[in-house]
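These notes concern the structure reproduced below.
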Amino acid sequence: MVKKRVIPCLDVAGGRVVKGVRFENLRDMGDPVELATRYSELGADELVFLDITATLESRGPLLELVDRAAAELTIPFTVGGGVRTVDDGLGLLRAGADKVAVNRAALDEPGLLTRLAEAFGSQAVVCAVDARGGEVVTHAGRRPRGIDAVAWAQEAVEQGAGELLVTSIDADGTRDGYDLELTGAIADAVGVPVIASGGAGCARHLAEAFAVGAEAALLASIVHEDPERLPVLKRELKEDGWPIRT
């Protein structure tokens, strides 16, 4: 069995890590590079940085932040937010990112995922799928798109995405567990790794996501408030029999 990954996610706005519930009531959680470095030291398998205001502000990626992070980190990290062209993706990779995540632009710019995959390889292209009630949403969860999340996930893979980051807006920040129905349905429908996102509260929730097919699980609130919980979660999963990276 492929080893499962535990991935802290840092939502960035105004240069700071923020976190809320269902993308609302955001709280300041700290400096992104400082937090990321601590997670790396504590055994994170990878990291994800998501610039959650780039789309709303109609600007490109935060290359300065990526450059700072790359100078400090020794583990792979993905960056999303503001990627609308191949040049945007290239800028992130040159600044030090290992993978590029695309959300709204993948829907609005036909062929973008294909162009990115052709330029960098599908292993470096992540399609972020945000969903509410099984429907794709964009613009930080504010705009429903009238598209079935499972169908879009399949299309994104056909276009070239090598990994899917699946976030349930309904579960985000609740700590009640991932949306297992959504995660499982997408994992069953595609042949690329699926990262479960939204709702983690304990090791059992991660195990449940792995059980329905996720190859990785994203964490945010529970580790932002207590970074030392990260190695504890990994140890609990390993003790429960899951193949966890060490």
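By convention here, the chains of the structure tokens are called A, B, ... in the order presented, each chain's residues are numbered starting at 1, and ligands are numbered starting at 1 in the order presented.
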(message) Among range 112-187 of chain A, which residues does DSSP mark as strand (DSSP E or B) when it is run on the backbone? Keep the chain and numbering as in the structure and answer as a PyMOL selection string.
(response) chain A and resi 125-132+135-138+143-148+163-168
Residues of the last selection are to be written out with C-alpha atoms, as a short mmCIF file (atom, residue, chain, number, x, y, z; two decimals), in the first residue's frame.
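Saved file part.cif follows:
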```
data_model
loop_
_atom_site.label_atom_id
_atom_site.label_comp_id
_atom_site.auth_asym_id
_atom_site.auth_seq_id
_atom_site.Cartn_x
_atom_site.Cartn_y
_atom_site.Cartn_z
CA VAL A 125 -0.17 20.05 -11.48
CA VAL A 126 -2.80 19.95 -8.73
CA CYS A 127 -6.44 20.80 -9.39
CA ALA A 128 -8.16 22.16 -6.29
CA VAL A 129 -11.83 21.18 -6.22
CA ASP A 130 -13.91 23.15 -3.70
CA ALA A 131 -17.44 21.83 -3.28
CA ARG A 132 -20.58 22.59 -1.33
CA GLU A 135 -21.44 21.28 -6.39
CA VAL A 136 -18.22 23.02 -7.43
CA VAL A 137 -17.76 26.51 -5.97
CA THR A 138 -15.07 29.13 -6.59
CA ARG A 143 -19.72 31.43 -6.19
CA PRO A 144 -21.55 28.19 -7.08
CA ARG A 145 -20.71 26.97 -10.56
CA GLY A 146 -23.55 24.55 -11.28
CA ILE A 147 -21.06 21.75 -11.92
CA ASP A 148 -21.02 18.33 -10.25
CA GLU A 163 -3.43 15.22 -8.19
CA LEU A 164 -6.71 16.53 -6.77
CA LEU A 165 -7.14 18.62 -3.64
CA VAL A 166 -10.76 18.07 -2.64
CA THR A 167 -12.18 20.52 -0.10
CA SER A 168 -15.67 20.29 1.35
#
```
(message) Let me make sure I understand: among A:Ala44, A:Val100, A:Val33, A:Val190, which one has the smallest atom-to-atom distance to Trp152 in chain A if we use only C-alpha atoms?
(response)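 Going through A:Ala44, A:Val100, A:Val33, A:Val190 one by one, the smallest distance to Trp152 in chain A is for A:Val190.
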(message) Neighbouring residues of range 238-244 of chain A were defined as those with any atom within 10 Å, considering only C-alpha atoms; residues of the same chain fewer than 5 positions away were excluded. Please report them as a VMD selection string.
(response) chain A and resid 1 to 6 45 203 to 204 207 210 to 211 216 232 to 233
